[in-house]
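Trainee: Structure below; questions to follow.
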Amino acid sequence: MNQEKIGRFLKELRKQKGLTQEQIAEKFNVSNRTISRWENGYNMPDIDILIEISDYYEVDLREILNGERKSENMDKEMKETVLQAVDYTNTEMERYHKRVRLCNGIALFLVLVYTLVKDTSLYDDATVMTGLDILQGIAVGMLFIGLLFSSRYGAKIRAFKHRLIRRQG
């Protein structure tokens with residue numbers, strides 16, 4: 001797979017539609033710099049974005065991956081394989097997000113316990129204060145980890161999956 005060739009092809013497709021890098025970046029929810037990196041062959045779009053690009057430009061996914069137009073249409077087997085890969089990715093991300101939600105729920109519970117106990121006479125005990133401070137630290141840590149692990153990609157994959165379901169339905 002020649003990234004530079006793919007990048008030139010993506011640039012050609014964009015110019016054929018008379019669009020700027022900024023307009024394409026907005027369409028696919030990425031930065032202008034990302035579009036530039038794709039078109040210069042420094043980076044490749046994720047698979048979900050590649051499928052969106054092929055739909056948007058109305059070209060075969062294989063044409064994008066080959067970096068040139070082909071006369072044949074995408075065959076159903078190839079498209080089904082790609083859709084299965086996207087479904088697998090979506091399933092994995094869903095499991096991942098359940099874990100993140102669980103961490104956030106535990107963190108919320110710990111903050112609630114901290115808040116309730118802090119306003120009682122138990123808070124005057126040094127051991128309880130230390131324990132509550134540790135609980136608060138764990139809660140903040142779990143929220144921070146949840147924030148780090150959740151990314152724009154999870155939302156983009158879910159949105160893509162919903163678009164595919166709507167098209168098939």
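FYI, nothing fancy with the structure tokens labels: chains A, B, ... in order, residues from 1 per chain, ligands from 1 as they appear.
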I'd like the neighbourhood of range 105-111 of chain A as a short mmCIF file (atom, residue, chain, number, x, y, z; two decimals) with C-alpha atoms, in the first residue's frame, where a residue qualifies if any of its atoms comes within 7 Å (using only C-alpha atoms), though same-chain residues fewer than 2 positions away should be ignored.

Mentor:
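Contents of out-v5.cif, as written:
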```cif
data_model
loop_
_atom_site.label_atom_id
_atom_site.label_comp_id
_atom_site.auth_asym_id
_atom_site.auth_seq_id
_atom_site.Cartn_x
_atom_site.Cartn_y
_atom_site.Cartn_z
CA ARG A 101 -18.83 4.04 32.53
CA LEU A 102 -18.30 1.58 35.38
CA CYS A 103 -15.15 3.45 36.48
CA VAL A 113 -19.50 8.89 50.20
CA TYR A 114 -16.75 11.44 50.76
CA THR A 115 -19.24 14.32 50.66
CA LEU A 135 -11.17 7.76 48.62
CA GLN A 136 -11.24 11.21 47.08
CA ALA A 139 -12.28 8.88 42.73
CA VAL A 140 -10.39 11.67 40.98
CA MET A 142 -10.79 6.99 38.16
CA LEU A 143 -12.44 10.03 36.59
#
```

Trainee: Hey, could you make a per-residue contact list for range 30-62 of chain A against range 82-96 of chain A with 10 Å as the cut-off, showing the nearest pair of atoms and its distance in Å to one decimal, counting only C-alpha atoms, sorted by chain and number, as JSON lines?

Mentor:
```
{"residue": "A:Ile47", "atom": "CA", "partner": "A:Val86", "partner_atom": "CA", "distance": 7.7}
{"residue": "A:Asp48", "atom": "CA", "partner": "A:Val86", "partner_atom": "CA", "distance": 6.9}
{"residue": "A:Ile51", "atom": "CA", "partner": "A:Val82", "partner_atom": "CA", "distance": 8.5}
{"residue": "A:Leu61", "atom": "CA", "partner": "A:Val82", "partner_atom": "CA", "distance": 9.4}
```

Trainee: Please save all heavy atoms of the selected residues as an mmCIF file, in the first residue's frame.

Mentor:
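Heads up, here's the output in again_13.cif:
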```
data_model
loop_
_atom_site.group_PDB
_atom_site.id
_atom_site.type_symbol
_atom_site.label_atom_id
_atom_site.label_comp_id
_atom_site.auth_asym_id
_atom_site.auth_seq_id
_atom_site.Cartn_x
_atom_site.Cartn_y
_atom_site.Cartn_z
ATOM 1 N N ILE A 47 -10.054 3.160 9.395
ATOM 2 C CA ILE A 47 -10.922 2.387 8.493
ATOM 3 C C ILE A 47 -12.325 2.976 8.428
ATOM 4 O O ILE A 47 -12.915 3.042 7.348
ATOM 5 C CB ILE A 47 -10.963 0.887 8.883
ATOM 6 C CG1 ILE A 47 -11.759 0.068 7.850
ATOM 7 C CG2 ILE A 47 -11.557 0.695 10.254
ATOM 8 C CD1 ILE A 47 -11.107 -0.080 6.534
ATOM 9 N N ASP A 48 -12.863 3.426 9.566
ATOM 10 C CA ASP A 48 -14.220 3.977 9.544
ATOM 11 C C ASP A 48 -14.270 5.249 8.708
ATOM 12 O O ASP A 48 -15.225 5.477 7.966
ATOM 13 C CB ASP A 48 -14.750 4.219 10.960
ATOM 14 C CG ASP A 48 -13.895 5.163 11.770
ATOM 15 O OD1 ASP A 48 -12.658 5.055 11.700
ATOM 16 O OD2 ASP A 48 -14.469 6.002 12.490
ATOM 17 N N ILE A 51 -14.083 4.386 4.918
ATOM 18 C CA ILE A 51 -15.380 3.971 4.375
ATOM 19 C C ILE A 51 -16.264 5.190 4.142
ATOM 20 O O ILE A 51 -16.935 5.304 3.109
ATOM 21 C CB ILE A 51 -16.060 2.943 5.308
ATOM 22 C CG1 ILE A 51 -15.235 1.656 5.316
ATOM 23 C CG2 ILE A 51 -17.477 2.660 4.863
ATOM 24 C CD1 ILE A 51 -15.656 0.651 6.357
ATOM 25 N N LEU A 61 -13.810 1.461 -2.266
ATOM 26 C CA LEU A 61 -12.803 1.475 -1.207
ATOM 27 C C LEU A 61 -11.467 0.956 -1.732
ATOM 28 O O LEU A 61 -10.407 1.477 -1.381
ATOM 29 C CB LEU A 61 -13.280 0.640 -0.017
ATOM 30 C CG LEU A 61 -12.382 0.607 1.210
ATOM 31 C CD1 LEU A 61 -12.153 2.014 1.755
ATOM 32 C CD2 LEU A 61 -12.982 -0.272 2.279
#
```

Trainee: If we count only C-alpha atoms and set the cut-off at 9 Å, which residues sit around Pro45 in chain A, ignoring sequence neighbours fewer than 5 positions away in its own chain? Please answer as number ranges by chain.

Mentor: A: 34-35, 38, 50

Trainee: Mind dumping the selected residues with N, CA and C atoms as a PDB file, in the first residue's frame?

Mentor:
```pdb
ATOM      1  N   THR A  34      -4.669  17.159   9.688  1.00  0.00           N
ATOM      2  CA  THR A  34      -4.869  15.731   9.430  1.00  0.00           C
ATOM      3  C   THR A  34      -5.109  15.489   7.949  1.00  0.00           C
ATOM      4  N   ILE A  35      -5.956  16.326   7.336  1.00  0.00           N
ATOM      5  CA  ILE A  35      -6.217  16.200   5.890  1.00  0.00           C
ATOM      6  C   ILE A  35      -4.918  16.387   5.116  1.00  0.00           C
ATOM      7  N   TRP A  38      -2.851  13.289   5.365  1.00  0.00           N
ATOM      8  CA  TRP A  38      -3.373  12.226   4.501  1.00  0.00           C
ATOM      9  C   TRP A  38      -2.941  12.470   3.064  1.00  0.00           C
ATOM     10  N   LEU A  50     -12.147   5.926   6.219  1.00  0.00           N
ATOM     11  CA  LEU A  50     -11.945   5.508   4.823  1.00  0.00           C
ATOM     12  C   LEU A  50     -13.263   5.100   4.178  1.00  0.00           C
TER      13      LEU A  50
END
```

Trainee: Neighbours of Asn40 in chain A within 10 Å (only C-alpha atoms; same-chain residues fewer than 5 positions away dropped), as a tab-separated table (two decimals) with N, CA and C atoms, in the first residue's frame?

Mentor:
```tsv
chain	number	residue	atom	x	y	z
A	3	GLN	N	1.21	4.94	0.58
A	3	GLN	CA	0.50	6.05	1.23
A	3	GLN	C	0.56	7.34	0.41
A	4	GLU	N	1.69	7.59	-0.23
A	4	GLU	CA	1.80	8.82	-1.03
A	4	GLU	C	0.83	8.78	-2.21
A	5	LYS	N	0.71	7.63	-2.84
A	5	LYS	CA	-0.21	7.47	-3.97
A	5	LYS	C	-1.65	7.65	-3.50
A	6	ILE	N	-1.96	7.06	-2.35
A	6	ILE	CA	-3.31	7.20	-1.78
A	6	ILE	C	-3.58	8.66	-1.46
A	7	GLY	N	-2.57	9.32	-0.89
A	7	GLY	CA	-2.72	10.73	-0.55
A	7	GLY	C	-2.98	11.59	-1.78
A	8	ARG	N	-2.24	11.34	-2.85
A	8	ARG	CA	-2.47	12.09	-4.10
A	8	ARG	C	-3.88	11.84	-4.62
A	10	LEU	N	-6.55	11.00	-2.82
A	10	LEU	CA	-7.50	11.71	-1.94
A	10	LEU	C	-7.54	13.20	-2.28
A	11	LYS	N	-6.37	13.76	-2.57
A	11	LYS	CA	-6.30	15.17	-2.95
A	11	LYS	C	-7.02	15.41	-4.27
A	34	THR	N	-4.67	17.16	9.69
A	34	THR	CA	-4.87	15.73	9.43
A	34	THR	C	-5.11	15.49	7.95
A	35	ILE	N	-5.96	16.33	7.34
A	35	ILE	CA	-6.22	16.20	5.89
A	35	ILE	C	-4.92	16.39	5.12
```

Trainee: Of the candidates A:Ile53, A:Gly41, A:Glu12, A:Gly146, which one gets nearest to Ala25 in chain A if we count only C-alpha atoms?

Mentor: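 Checking each candidate against Ala25 in chain A, we get A:Ile53 as the closest.
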
Trainee: Here is a test: counting only C-alpha atoms, which residue of A:Phe28, A:Asp124, A:Glu39, A:Leu132 is nearest to Lys15 in chain A?

Mentor: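 The answer is A:Glu39, which sits nearest to Lys15 in chain A.
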